[in-house]
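Next up, query_3.cif (mmCIF, C-alpha atoms and all ligand atoms):
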```
data_protein
loop_
_atom_site.label_atom_id
_atom_site.label_comp_id
_atom_site.auth_asym_id
_atom_site.auth_seq_id
_atom_site.Cartn_x
_atom_site.Cartn_y
_atom_site.Cartn_z
CA MET A 242 74.53 130.31 105.67
CA SER A 243 78.03 129.60 104.46
CA GLN A 244 78.63 126.28 102.80
CA ILE A 245 80.65 123.57 104.49
CA THR A 246 83.10 121.93 102.14
CA ALA A 247 85.03 118.67 102.46
CA PRO A 248 88.46 119.01 104.11
CA ARG A 249 91.31 119.73 101.70
CA GLY A 250 92.79 116.57 100.22
CA THR A 251 89.65 114.47 100.68
CA ARG A 252 87.13 113.43 98.05
CA ASP A 253 83.60 112.14 97.91
CA ILE A 254 83.24 109.04 95.81
CA VAL A 255 79.83 108.98 94.23
CA TYR A 256 77.96 107.13 91.56
CA PRO A 257 78.98 106.36 88.82
CA GLU A 258 82.62 106.59 89.99
CA VAL A 259 81.85 104.41 93.00
CA ALA A 260 81.05 101.56 90.60
CA ARG A 261 84.67 101.61 89.40
CA TRP A 262 85.86 101.44 93.03
CA GLN A 263 83.63 98.46 93.71
CA MET A 264 84.94 96.76 90.61
CA LEU A 265 88.55 97.31 91.70
CA GLU A 266 87.83 96.07 95.23
CA GLU A 267 86.16 92.94 93.89
CA LYS A 268 89.11 92.28 91.62
CA VAL A 269 91.53 92.59 94.56
CA ARG A 270 89.49 90.08 96.58
CA ALA A 271 89.15 87.60 93.73
CA PHE A 272 92.78 87.91 92.66
CA TYR A 273 94.36 87.53 96.07
CA SER A 274 92.22 84.60 97.09
CA ARG A 275 94.00 82.68 94.30
CA PHE A 276 97.22 83.10 96.28
CA LEU A 277 95.62 82.19 99.64
CA TYR A 278 95.58 85.68 101.11
CA ARG A 279 92.81 86.44 103.61
CA GLU A 280 91.29 89.81 104.26
CA ILE A 281 92.16 91.68 107.44
CA ARG A 282 90.44 94.84 108.70
CA THR A 283 92.23 96.90 111.31
CA PRO A 284 91.06 100.08 113.07
CA MET A 285 91.48 103.38 111.30
CA PHE A 286 93.24 104.88 114.27
CA GLU A 287 95.89 103.40 116.51
CA ARG A 288 98.05 104.52 119.40
CA SER A 289 100.56 107.01 117.95
CA GLU A 290 103.41 105.01 119.40
CA LEU A 291 102.70 102.17 116.99
CA PHE A 292 103.62 104.29 113.99
CA GLN A 293 106.47 106.08 115.74
CA ARG A 294 108.08 102.76 116.56
CA GLY A 295 106.94 100.88 113.49
CA ILE A 296 107.53 103.35 110.66
CA GLY A 297 110.42 105.16 112.36
CA ASP A 298 110.59 108.46 114.21
CA ALA A 299 112.90 110.05 111.65
CA THR A 300 110.71 109.41 108.59
CA GLU A 301 108.77 112.14 106.76
CA VAL A 302 105.57 110.24 107.42
CA VAL A 303 106.01 110.32 111.20
CA GLN A 304 107.61 113.74 111.43
CA LYS A 305 105.34 115.68 109.11
CA GLU A 306 102.41 113.73 107.83
CA MET A 307 100.54 112.11 110.68
CA TYR A 308 97.09 113.14 111.83
CA THR A 309 97.71 112.86 115.55
CA PHE A 310 95.23 113.90 118.19
CA GLU A 311 94.46 113.40 121.84
CA ASP A 312 91.26 111.65 122.78
CA LYS A 313 89.18 112.77 125.73
CA ALA A 314 91.21 110.62 128.09
CA GLY A 315 94.43 112.25 126.94
CA ARG A 316 95.73 109.30 124.89
CA SER A 317 97.71 110.14 121.78
CA LEU A 318 96.06 108.52 118.78
CA THR A 319 96.88 108.69 115.07
CA LEU A 320 94.80 108.10 111.95
CA ARG A 321 96.68 105.31 110.25
CA PRO A 322 99.08 106.66 107.60
CA GLU A 323 99.71 103.12 106.36
CA ASN A 324 98.64 99.65 107.38
CA THR A 325 101.71 97.46 107.76
CA ALA A 326 102.34 98.43 111.38
CA SER A 327 98.65 97.87 112.16
CA VAL A 328 98.57 94.41 110.57
CA VAL A 329 101.66 93.42 112.53
CA ARG A 330 100.11 94.79 115.72
CA ALA A 331 96.89 92.87 115.04
CA ALA A 332 98.80 89.64 114.39
CA ILE A 333 100.76 89.98 117.63
CA GLU A 334 97.74 90.99 119.68
CA GLY A 335 95.48 88.26 118.29
CA ASN A 336 98.31 85.74 118.27
CA LEU A 337 97.46 84.99 114.65
CA PHE A 338 100.85 83.36 114.17
CA ASP A 339 99.48 80.16 115.69
CA VAL A 340 96.03 80.35 114.13
CA VAL A 341 96.23 81.43 110.51
CA PHE A 342 98.03 79.40 107.89
CA PRO A 343 99.52 80.56 105.62
CA LEU A 344 100.11 83.95 107.26
CA ARG A 345 99.03 85.94 104.22
CA PHE A 346 96.77 88.96 104.56
CA PHE A 347 95.32 91.56 102.25
CA TYR A 348 93.52 94.78 103.11
CA ILE A 349 91.60 97.54 101.41
CA GLY A 350 90.89 100.86 103.07
CA PRO A 351 91.56 104.53 103.68
CA MET A 352 94.87 105.89 104.96
CA PHE A 353 95.61 109.43 106.12
CA ARG A 354 98.65 111.59 105.52
CA TYR A 355 99.07 115.32 105.85
CA ASP A 356 100.61 115.54 102.38
CA LYS A 357 100.43 118.45 99.95
CA PRO A 358 97.37 117.58 97.85
CA GLN A 359 97.71 117.39 94.09
CA LYS A 360 96.61 115.06 91.31
CA GLY A 361 97.15 111.52 92.59
CA ARG A 362 98.05 112.72 96.11
CA TYR A 363 95.43 113.16 98.78
CA ARG A 364 95.19 113.47 102.55
CA GLN A 365 92.69 110.67 102.75
CA PHE A 366 93.61 108.11 100.14
CA HIS A 367 92.99 104.40 99.76
CA GLN A 368 95.35 101.52 99.59
CA PHE A 369 95.02 97.88 98.94
CA GLY A 370 97.95 95.96 100.26
CA VAL A 371 99.26 92.60 101.30
CA GLU A 372 101.44 91.33 104.13
CA VAL A 373 103.02 87.88 104.41
CA PHE A 374 104.64 86.71 107.63
CA ARG A 375 107.06 83.90 108.40
CA GLU A 376 107.92 82.91 104.79
CA ASP A 377 111.43 84.25 104.37
CA LYS A 378 112.81 82.79 101.16
CA PRO A 379 113.65 85.09 98.25
CA GLU A 380 111.36 83.02 96.02
CA LEU A 381 108.44 84.23 98.14
CA ASP A 382 109.55 87.84 97.57
CA ALA A 383 109.52 87.07 93.86
CA GLU A 384 106.00 85.65 94.13
CA VAL A 385 104.74 88.74 96.00
CA ILE A 386 106.21 91.00 93.33
CA TYR A 387 105.06 88.78 90.48
CA ALA A 388 101.50 88.81 91.86
CA ALA A 389 101.52 92.62 92.21
CA TYR A 390 102.75 92.94 88.65
CA ALA A 391 100.29 90.36 87.31
CA PHE A 392 97.43 92.16 89.06
CA LEU A 393 98.29 95.40 87.29
CA GLN A 394 98.49 93.50 84.04
CA GLU A 395 95.06 91.98 84.62
CA LEU A 396 93.81 95.54 85.00
CA HIS A 397 95.35 96.16 81.56
CA LEU A 398 97.60 98.90 82.90
CA ARG A 399 100.18 99.85 80.33
CA ASP A 400 103.51 101.59 80.63
CA ILE A 401 104.42 100.23 84.05
CA SER A 402 107.90 99.44 85.30
CA LEU A 403 109.29 97.61 88.24
CA GLU A 404 112.36 98.65 90.18
CA ILE A 405 113.94 96.56 92.88
CA ASN A 406 116.74 97.00 95.37
CA SER A 407 118.16 95.49 98.52
CA VAL A 408 118.44 97.80 101.51
CA GLY A 409 120.48 95.35 103.59
CA CYS A 410 119.90 94.22 107.15
CA GLU A 411 120.97 95.04 110.69
CA LYS A 412 124.25 93.24 110.06
CA CYS A 413 125.43 95.18 107.02
CA ARG A 414 123.53 98.45 107.23
CA PRO A 415 125.29 100.10 110.19
CA GLU A 416 128.67 99.90 108.51
CA TYR A 417 127.23 101.16 105.25
CA LEU A 418 125.52 104.07 107.05
CA GLU A 419 128.88 105.20 108.43
CA THR A 420 130.32 105.22 104.89
CA LEU A 421 127.26 107.10 103.68
CA LYS A 422 127.51 109.68 106.47
CA LEU A 423 131.13 110.35 105.57
CA ALA A 424 130.20 110.89 101.92
CA ALA A 425 127.21 113.07 102.85
CA ARG A 426 129.25 115.22 105.20
CA LYS A 427 131.63 115.99 102.37
CA ARG A 428 128.73 117.33 100.31
CA GLU A 429 126.88 119.00 103.18
CA ALA A 430 127.12 122.44 101.57
CA ASP A 431 125.06 121.21 98.58
CA LEU A 432 122.29 119.67 100.67
CA CYS A 433 119.03 121.33 101.66
CA GLU A 434 118.50 122.23 105.30
CA ASP A 435 116.31 119.18 105.88
CA CYS A 436 118.88 116.80 104.47
CA ARG A 437 121.71 118.41 106.40
CA ARG A 438 119.84 117.41 109.52
CA LYS A 439 119.41 113.89 108.16
CA VAL A 440 123.14 113.34 107.63
CA ASP A 441 123.54 112.20 111.22
CA THR A 442 120.05 110.97 112.03
CA ASN A 443 118.90 109.13 108.93
CA PRO A 444 121.20 109.61 105.94
CA LEU A 445 119.36 107.02 103.80
CA ARG A 446 116.46 109.48 103.55
CA ILE A 447 118.65 111.89 101.54
CA PHE A 448 118.11 109.56 98.57
CA ASP A 449 114.37 110.39 98.75
CA CYS A 450 114.82 114.18 98.62
CA LYS A 451 113.53 115.85 95.48
CA GLN A 452 115.66 119.03 95.80
CA PRO A 453 118.00 119.34 92.77
CA GLY A 454 121.11 119.92 94.96
CA CYS A 455 120.41 116.84 97.07
CA ARG A 456 119.63 114.73 94.03
CA GLU A 457 122.82 115.72 92.35
CA ALA A 458 124.88 115.11 95.50
CA SER A 459 123.28 111.77 96.28
CA ARG A 460 124.08 110.49 92.80
CA GLY A 461 127.70 110.35 93.92
CA PHE A 462 127.00 108.65 97.27
CA PRO A 463 127.93 105.00 97.82
CA THR A 464 124.95 102.68 97.59
CA ILE A 465 123.94 99.93 99.97
CA THR A 466 123.87 97.36 97.19
CA SER A 467 127.65 97.24 97.08
CA HIS A 468 127.89 96.93 100.89
CA LEU A 469 125.58 93.96 101.47
CA CYS A 470 126.60 91.11 103.74
CA ASP A 471 126.77 87.58 102.32
CA ASP A 472 123.25 86.64 103.44
CA CYS A 473 121.71 89.76 101.92
CA THR A 474 123.71 89.30 98.72
CA GLU A 475 122.49 85.74 98.46
CA HIS A 476 118.91 86.82 99.11
CA PHE A 477 119.13 89.49 96.42
CA ILE A 478 120.53 86.99 93.92
CA GLY A 479 117.67 84.63 94.81
CA LEU A 480 115.13 87.39 94.32
CA LYS A 481 116.42 88.22 90.85
CA ALA A 482 116.44 84.55 89.87
CA GLY A 483 112.89 84.20 91.21
CA LEU A 484 111.70 87.16 89.16
CA ASP A 485 113.30 85.58 86.10
CA ALA A 486 111.50 82.31 86.88
CA TYR A 487 108.20 84.21 87.01
CA ASP A 488 109.15 86.07 83.85
CA VAL A 489 108.88 89.54 85.39
CA ASN A 490 110.95 92.36 83.90
CA PHE A 491 112.74 94.56 86.39
CA THR A 492 115.55 97.04 86.79
CA VAL A 493 117.76 97.40 89.83
CA ASN A 494 117.71 100.91 91.26
CA GLU A 495 120.47 101.09 93.85
CA ARG A 496 119.20 104.43 95.14
CA MET A 497 115.67 103.31 95.89
CA VAL A 498 115.44 103.17 99.69
CA ARG A 499 111.67 103.68 100.28
CA GLY A 500 110.30 106.22 102.73
CA LEU A 501 109.64 103.98 105.73
CA ASP A 502 112.31 102.74 108.11
CA TYR A 503 111.19 99.16 108.63
CA TYR A 504 112.53 97.70 105.42
CA THR A 505 115.30 95.11 105.29
CA ARG A 506 116.65 93.43 102.16
CA THR A 507 114.08 93.50 99.36
CA ALA A 508 112.54 96.85 98.39
CA PHE A 509 110.46 97.43 95.27
CA GLU A 510 108.26 99.94 93.51
CA ILE A 511 106.10 99.84 90.44
CA THR A 512 105.71 103.16 88.67
CA SER A 513 103.62 104.33 85.80
CA GLY A 514 104.88 106.29 82.83
CA GLN A 515 101.52 107.99 82.54
CA LEU A 516 100.90 109.57 85.91
CA GLY A 517 103.30 112.52 86.02
CA ALA A 518 104.79 113.50 89.38
CA GLN A 519 102.83 111.05 91.54
CA ASN A 520 103.87 108.06 89.48
CA ALA A 521 104.33 105.42 92.20
CA LEU A 522 101.50 102.94 91.80
CA LEU A 523 102.70 100.66 94.53
CA GLY A 524 105.64 100.06 96.80
CA GLY A 525 106.76 97.61 99.39
CA GLY A 526 109.46 95.36 100.67
CA ARG A 527 110.66 92.98 103.30
CA TYR A 528 110.72 93.87 107.00
CA ASN A 529 112.51 91.24 109.01
CA ARG A 530 112.75 93.18 112.28
CA LEU A 531 109.39 94.89 112.51
CA ILE A 532 107.44 92.06 114.13
CA ARG A 533 110.08 91.64 116.78
CA ASP A 534 110.43 95.41 117.27
CA LEU A 535 106.72 95.66 117.95
CA GLY A 536 106.90 92.98 120.62
CA GLY A 537 106.13 89.89 118.55
CA PRO A 538 108.14 86.77 117.70
CA ASP A 539 111.33 86.94 115.71
CA MET A 540 109.59 86.45 112.40
CA SER A 541 110.08 87.94 108.94
CA GLY A 542 107.52 89.82 106.86
CA ILE A 543 107.06 91.23 103.39
CA GLY A 544 104.32 93.21 101.71
CA PHE A 545 103.37 96.17 99.59
CA ALA A 546 100.58 98.68 99.21
CA ALA A 547 99.07 100.22 96.09
CA GLY A 548 97.38 103.62 95.83
CA MET A 549 93.86 102.93 94.61
CA GLU A 550 93.21 106.50 93.43
CA ARG A 551 96.30 106.18 91.27
CA LEU A 552 95.23 102.84 89.86
CA LEU A 553 91.83 104.27 89.01
CA LEU A 554 93.37 107.36 87.40
CA HIS A 555 95.26 104.98 85.21
CA LEU A 556 92.32 102.77 84.33
CA ASP A 557 90.34 103.99 81.41
CA SER A 558 87.68 101.34 81.73
CA PRO A 559 84.13 102.71 81.71
CA PRO A 560 81.99 102.03 84.75
CA PRO A 561 80.73 98.46 84.67
CA ARG A 562 77.42 98.01 82.88
CA GLU A 563 74.43 98.59 85.11
CA PRO A 564 72.22 95.55 85.65
CA ARG A 565 68.97 95.72 83.71
CA LEU A 566 66.49 97.75 85.69
CA CYS A 567 62.69 97.54 85.77
CA PHE A 568 60.98 100.85 86.48
CA LEU A 569 57.46 100.39 87.89
CA ALA A 570 55.12 103.21 86.91
CA CYS A 571 51.85 103.53 88.83
CA GLN A 572 49.54 106.27 90.09
CA SER A 573 46.67 105.53 92.47
CA ALA A 574 47.13 104.02 95.93
CA GLU A 575 45.65 100.76 94.64
CA GLN A 576 48.06 100.66 91.72
CA ARG A 577 50.94 101.40 94.06
CA SER A 578 50.17 98.43 96.26
CA LEU A 579 49.95 96.25 93.16
CA ALA A 580 53.28 97.67 91.99
CA MET A 581 54.78 96.83 95.39
CA ARG A 582 53.62 93.20 95.06
CA VAL A 583 55.08 92.95 91.58
CA ALA A 584 58.33 94.62 92.68
CA ARG A 585 58.69 92.16 95.55
CA GLY A 586 58.44 89.30 93.09
CA LEU A 587 61.12 90.91 90.96
CA TRP A 588 63.53 91.63 93.82
CA GLU A 589 63.11 88.15 95.22
CA SER A 590 63.93 86.70 91.81
CA GLY A 591 67.12 88.78 91.66
CA PHE A 592 65.93 91.56 89.35
CA HIS A 593 66.70 95.24 89.91
CA ALA A 594 63.53 97.25 90.28
CA TYR A 595 62.47 100.76 91.23
CA VAL A 596 58.92 101.70 92.25
CA ASP A 597 57.84 105.27 91.54
CA TYR A 598 55.66 106.16 94.57
CA SER A 599 55.30 109.82 93.55
CA ALA A 600 51.88 109.58 91.80
CA ALA A 601 53.27 111.89 89.11
CA ASN A 602 51.66 111.61 85.69
CA LEU A 603 52.79 108.81 83.40
CA LYS A 604 54.69 111.11 81.08
CA LYS A 605 56.84 112.31 83.98
CA GLN A 606 57.40 108.76 85.19
CA PHE A 607 58.53 107.70 81.70
CA ARG A 608 61.01 110.55 81.70
CA ARG A 609 62.39 109.40 85.05
CA SER A 610 62.65 105.83 83.84
CA ASP A 611 64.58 107.04 80.83
CA ARG A 612 66.92 109.10 82.99
CA MET A 613 67.66 106.11 85.18
CA GLY A 614 68.53 104.10 82.10
CA ALA A 615 65.90 101.46 82.91
CA ALA A 616 65.71 98.55 80.50
CA TYR A 617 61.98 98.16 81.02
CA THR A 618 59.17 100.39 82.20
CA LEU A 619 56.36 98.34 83.71
CA ILE A 620 53.03 100.11 83.65
CA LEU A 621 50.54 99.16 86.33
CA GLY A 622 47.54 101.29 85.37
CA GLU A 623 43.84 100.91 85.88
CA GLU A 624 43.32 98.51 83.04
CA GLU A 625 46.31 96.38 83.97
CA SER A 626 45.09 96.17 87.58
CA ALA A 627 41.65 95.06 86.46
CA ARG A 628 43.06 92.30 84.21
CA GLY A 629 45.91 91.06 86.46
CA ALA A 630 48.29 92.19 83.75
CA VAL A 631 51.27 94.45 83.32
CA THR A 632 52.34 96.45 80.29
CA VAL A 633 56.06 96.11 79.67
CA LYS A 634 57.84 98.66 77.55
CA ASP A 635 61.28 97.71 76.32
CA MET A 636 62.97 101.10 76.52
CA GLU A 637 65.71 100.31 74.05
CA ARG A 638 63.59 98.72 71.35
CA GLN A 639 60.65 100.99 72.09
CA GLU A 640 58.30 97.98 71.97
CA GLN A 641 55.39 97.38 74.26
CA VAL A 642 53.65 94.14 75.26
CA ARG A 643 51.03 93.23 77.78
CA ILE A 644 51.59 90.09 79.83
CA SER A 645 50.01 88.51 82.86
CA GLN A 646 51.50 89.43 86.23
CA GLN A 647 52.11 85.77 87.02
CA GLU A 648 54.23 85.28 83.91
CA LEU A 649 56.24 88.47 84.29
CA VAL A 650 59.30 87.05 86.03
CA GLN A 651 59.51 84.08 83.67
CA TRP A 652 59.09 86.37 80.67
CA LEU A 653 61.87 88.71 81.84
CA LYS A 654 64.16 85.77 82.54
CA GLN A 655 63.64 84.44 79.01
CA ARG A 656 64.22 87.85 77.58
CA ASP A 657 67.46 88.48 79.54
CA LYS A 658 69.09 85.18 78.64
P1 LIG B 701 104.05 103.72 100.63
O1 LIG B 701 105.09 103.69 99.54
O2 LIG B 701 104.16 104.80 101.62
O3 LIG B 701 104.10 102.30 101.31
O4 LIG B 701 102.62 103.79 99.97
C1 LIG B 701 102.21 102.83 99.02
C2 LIG B 701 101.41 103.48 97.91
O5 LIG B 701 100.34 104.26 98.44
C3 LIG B 701 102.20 104.48 97.06
O6 LIG B 701 102.95 103.82 96.07
C4 LIG B 701 101.07 105.30 96.45
O7 LIG B 701 100.52 104.64 95.33
C5 LIG B 701 100.04 105.34 97.56
N1 LIG B 701 100.08 106.61 98.30
C6 LIG B 701 100.93 106.97 99.29
N2 LIG B 701 100.65 108.21 99.73
C7 LIG B 701 99.60 108.65 99.00
C8 LIG B 701 98.82 109.86 98.97
N3 LIG B 701 99.06 110.87 99.80
N4 LIG B 701 97.80 109.96 98.07
C9 LIG B 701 97.53 108.93 97.22
N5 LIG B 701 98.22 107.78 97.21
C10 LIG B 701 99.23 107.64 98.08
C11 LIG B 701 103.31 101.92 102.36
O8 LIG B 701 102.33 102.51 102.73
C12 LIG B 701 103.74 100.61 102.97
N6 LIG B 701 102.85 100.30 104.08
C13 LIG B 701 103.70 99.50 101.93
C14 LIG B 701 104.12 98.19 102.47
C15 LIG B 701 103.30 97.17 102.83
N7 LIG B 701 105.35 97.78 102.70
C16 LIG B 701 105.32 96.56 103.20
N8 LIG B 701 104.08 96.19 103.30
#
```

Please express the file's structure as structure tokens.
Amino acid sequence: MSQITAPRGTRDIVYPEVARWQMLEEKVRAFYSRFLYREIRTPMFERSELFQRGIGDATEVVQKEMYTFEDKAGRSLTLRPENTASVVRAAIEGNLFDVVFPLRFFYIGPMFRYDKPQKGRYRQFHQFGVEVFREDKPELDAEVIYAAYAFLQELHLRDISLEINSVGCEKCRPEYLETLKLAARKREADLCEDCRRKVDTNPLRIFDCKQPGCREASRGFPTITSHLCDDCTEHFIGLKAGLDAYDVNFTVNERMVRGLDYYTRTAFEITSGQLGAQNALLGGGRYNRLIRDLGGPDMSGIGFAAGMERLLLHLDSPPPREPRLCFLACQSAEQRSLAMRVARGLWESGFHAYVDYSAANLKKQFRRSDRMGAAYTLILGEEESARGAVTVKDMERQEQVRISQQELVQWLKQRDK
């Protein structure tokens, strides 16, 4: 029969790689609890409308990358391509605004985008991210960015750089967009077909296009940074001062607009110099209209998300050391039940233990123990059973001792100190 393979752009995460994932997830949890973020878990699919309204109908993500399907009742559902809209939806629906304080959330989980797969880009990928609601001062933006940067530093990631920008607000952006449209129309002949369409619908997105003609043309376009209203200008100044206070190095990239429509004011990205084309490790920004646009209170928000596959590609740390394992070798049914009693004692005392129930000969069981990297092989043979003893072989030192079954746990504890 023909083999069934995993869908393109998805990956199985198996041992020992899965140990690196667990380590990263634990680090996220431990790190963000220092800043009073609490974990939130939202469904992996939502009503399609949430993303259309939240992320923006004219974005690449919504137009080209969503996994949208109809369920059996004819509802349009979408596998979440990102989690910000979902977290906002969950906060509105659960009325978390009155319950959780501070309104700081983090999440870890898979996202789905019909992207062209390549190294660092997948169709099912994983993000960890944070969202903060209500706190609207630029100093908070600086803290969010500082924490993201500090997290990458705690992972010992090298060669990373931070770019920031302000993408304005509903007061200053409309006027700027008109100026941008005028400039883009003048260069229409140099733009790709896609971008020509965007001139009238969503000209900001032209800055994201990777086509050489569009890149060249957009270099001459006016930028939002020089069209900000007073409030946005003040916020941007506050952000830069905040980053200085936290001692974070940054550059301002006036052409960074981010690929999702909900952003207002602060936008930021951290890239890696070591990842090639898919070099964005994380990205985020402020979204002061999204909560209201999705039917919630008039409340600000800010957050970011990091690509976990990309972080792990960047991390050269070996898988964390395995805990010391006891391999229990036994043969007859009687020896097996003794081994089970001993193993129970070990598990209940917190040790890692594996019982070989196969009744294979001892030589084979030793080979298995070796392959598993066990620290100790415990032999529960005929003689040991008769004497209430166990023979312990230290696999690294290749030493063997016989001790009483009662003393085993104590002995191992002493040894592992
Ligand atoms: P985003 O820039 O679309 O933002 O994605 C954030 C990160 O997810 C990227 O920097 C990248 O590391 C990773 N990523 C995106 N697409 C893929 C892919 N196909 N394969 C692997 N990794 C990928 C957001 O998703 C926003 N929700 C971030 C945010 C939170 N803004 C405010 N709050």

Please provide as JSON, numbers by chain all residues within 7 Å of Met352 in chain A, with the sequence filter that same-chain residues fewer than 4 positions apart are discarded (counting only C-alpha atoms). {"A": [321, 322, 323, 365, 366, 367, 368]}

Restricting the calculation to only C-alpha atoms: of A:Pro463, A:Pro379, A:Pro257, A:Gly454, which residue gets closest to Leu480 in chain A? A:Pro379

If I put a ball of radius 9 Å at (92.1, 119.8, 100.5) in the file's coordinates, which residues poke into it when counting only C-alpha atoms, written as a compact mmCIF listing (two decimals) with C-alpha atoms, in the coordinates of the input?
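File result.txt, as written:
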```
# COMPACT_ATOMS: atom_id res chain seq x y z
CA ALA A 247 85.03 118.67 102.46
CA PRO A 248 88.46 119.01 104.11
CA ARG A 249 91.31 119.73 101.70
CA GLY A 250 92.79 116.57 100.22
CA THR A 251 89.65 114.47 100.68
CA ARG A 252 87.13 113.43 98.05
CA LYS A 357 100.43 118.45 99.95
CA PRO A 358 97.37 117.58 97.85
CA GLN A 359 97.71 117.39 94.09
CA TYR A 363 95.43 113.16 98.78
CA ARG A 364 95.19 113.47 102.55
```

Quick one: contact table of chain A to ligand LIG 701 (chain B), 6 Å max, nearest atom pair and distance in Å to one decimal per residue, counting only C-alpha atoms and all ligand atoms, chain and number order, as CSV?
```
residue,atom,partner,partner_atom,distance
A:Glu323,CA,B:LIG701,O8,4.5
A:Asn324,CA,B:LIG701,N6,5.4
A:Thr325,CA,B:LIG701,N6,4.8
A:Arg354,CA,B:LIG701,N3,5.8
A:Asp356,CA,B:LIG701,N3,5.6
A:Gly361,CA,B:LIG701,C9,5.3
A:Arg362,CA,B:LIG701,N4,3.4
A:Tyr363,CA,B:LIG701,N4,4.0
A:Arg364,CA,B:LIG701,N3,5.4
A:Phe366,CA,B:LIG701,C9,5.0
A:Gln368,CA,B:LIG701,O5,5.8
A:Glu372,CA,B:LIG701,N8,5.6
A:Ala521,CA,B:LIG701,O6,4.4
A:Leu522,CA,B:LIG701,O7,4.0
A:Leu523,CA,B:LIG701,O6,3.5
A:Gly524,CA,B:LIG701,O1,4.6
A:Gly525,CA,B:LIG701,N7,3.6
A:Gly526,CA,B:LIG701,C16,5.0
A:Ile543,CA,B:LIG701,C16,5.6
A:Gly544,CA,B:LIG701,N8,3.4
A:Phe545,CA,B:LIG701,C15,3.4
A:Ala546,CA,B:LIG701,C13,4.2
A:Ala547,CA,B:LIG701,C2,4.4
A:Gly548,CA,B:LIG701,O7,3.3
```

Atomic distance CA of His397 in chain A - CA of Gly370 in chain A, expressed in Å with one decimal: 18.9 Å

Would you work out the distance separating CA of Val498 in chain A from CA of Leu445 in chain A, expressed in Å to one decimal?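 Calculated distance between CA of Val498 in chain A and CA of Leu445 in chain A is 6.9 Å.
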
Measuring atom to atom with all atoms listed in the file, identify which of A:Gln263, A:Thr505, A:Thr632, A:Gln515 is nearest to Cys567 in chain A.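 Answer, going by the shortest atom-to-atom distance: A:Thr632.
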
Near Arg330 in chain A, counting only C-alpha atoms, which residues have an atom at most 9 Å away, once you skip same-chain residues fewer than 3 positions from it, shown as a short mmCIF file (atom, residue, chain, number, x, y, z; two decimals) with C-alpha atoms, keeping the file's coordinate frame?
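New file out_11.cif:
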```
data_model
loop_
_atom_site.label_atom_id
_atom_site.label_comp_id
_atom_site.auth_asym_id
_atom_site.auth_seq_id
_atom_site.Cartn_x
_atom_site.Cartn_y
_atom_site.Cartn_z
CA LEU A 291 102.70 102.17 116.99
CA THR A 325 101.71 97.46 107.76
CA ALA A 326 102.34 98.43 111.38
CA SER A 327 98.65 97.87 112.16
CA ILE A 333 100.76 89.98 117.63
CA GLU A 334 97.74 90.99 119.68
CA GLY A 335 95.48 88.26 118.29
CA ILE A 532 107.44 92.06 114.13
CA LEU A 535 106.72 95.66 117.95
CA GLY A 536 106.90 92.98 120.62
CA GLY A 537 106.13 89.89 118.55
#
```

Pick out the closest residue to His468 in chain A from this set: A:Leu556, A:Met636, A:Leu421, A:Ala383. Count all atoms listed in the file. A:Leu421

Who sits within 12 Å of Leu418 in chain A, all atoms listed in the file, same chain under 5 positions skipped, as a PyMOL selection string: chain A and resi 408-413+423-426+439-447+462-465+468-469

Write out as a list in words which residues come within 12 Å of Arg585 in chain A when counting all atoms listed in the file, dropping same-chain ones fewer than 3 positions away.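 So the residues in contact are Cys567, Leu569, Ser578, Leu579, Ala580, Met581, Arg582, Trp588, Glu589, Ser590, Gly591, Phe592, His593, Ala594, Tyr595, Val596 and Val650 of chain A.
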
For the residues selected in the previous step, produce a file with C-alpha atoms as a compact mmCIF listing (two decimals), keeping the file's coordinate frame.
```txt
# COMPACT_ATOMS: atom_id res chain seq x y z
CA CYS A 567 62.69 97.54 85.77
CA LEU A 569 57.46 100.39 87.89
CA SER A 578 50.17 98.43 96.26
CA LEU A 579 49.95 96.25 93.16
CA ALA A 580 53.28 97.67 91.99
CA MET A 581 54.78 96.83 95.39
CA ARG A 582 53.62 93.20 95.06
CA TRP A 588 63.53 91.63 93.82
CA GLU A 589 63.11 88.15 95.22
CA SER A 590 63.93 86.70 91.81
CA GLY A 591 67.12 88.78 91.66
CA PHE A 592 65.93 91.56 89.35
CA HIS A 593 66.70 95.24 89.91
CA ALA A 594 63.53 97.25 90.28
CA TYR A 595 62.47 100.76 91.23
CA VAL A 596 58.92 101.70 92.25
CA VAL A 650 59.30 87.05 86.03
```

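Among the candidates A:Asp431, A:Leu621, A:Asp534, A:Pro564, the one nearest to Ala260 in chain A when counting only C-alpha atoms is A:Pro564.
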
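Taking CA of Lys604 in chain A and CA of Ser626 in chain A as endpoints, the distance between them is 18.9 Å.
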
Kindly provide, as JSON, the centre and edge lengths (Å, one decimal) of an axis-aligned box around all atoms of range 475-486 of chain A given in the file, with 4 Å on each side.
```
{"center_x": 117.0, "center_y": 85.9, "center_z": 92.6, "size_x": 19.0, "size_y": 15.2, "size_z": 21.0}
```

Mind listing whatever residues come within 9 Å of the point (113.2, 90.6, 91.1)? Use all atoms listed in the file, file coordinates, and give them as a list in words.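 Those within range, by chain then number, are Asp382, Ala383, Ile386, Tyr387, Leu403, Glu404, Ile405, Asn406, Phe477, Ile478, Gly479, Leu480, Lys481, Ala482, Gly483, Leu484, Asp485, Val489, Asn490, Phe491, Thr492, Val493, Thr507 and Phe509 of chain A.
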
Using only C-alpha atoms, which residue out of A:Leu603, A:Leu653, A:Leu344, A:Cys455 lies closest to Ala616 in chain A?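 Answer, going by the shortest atom-to-atom distance: A:Leu653.
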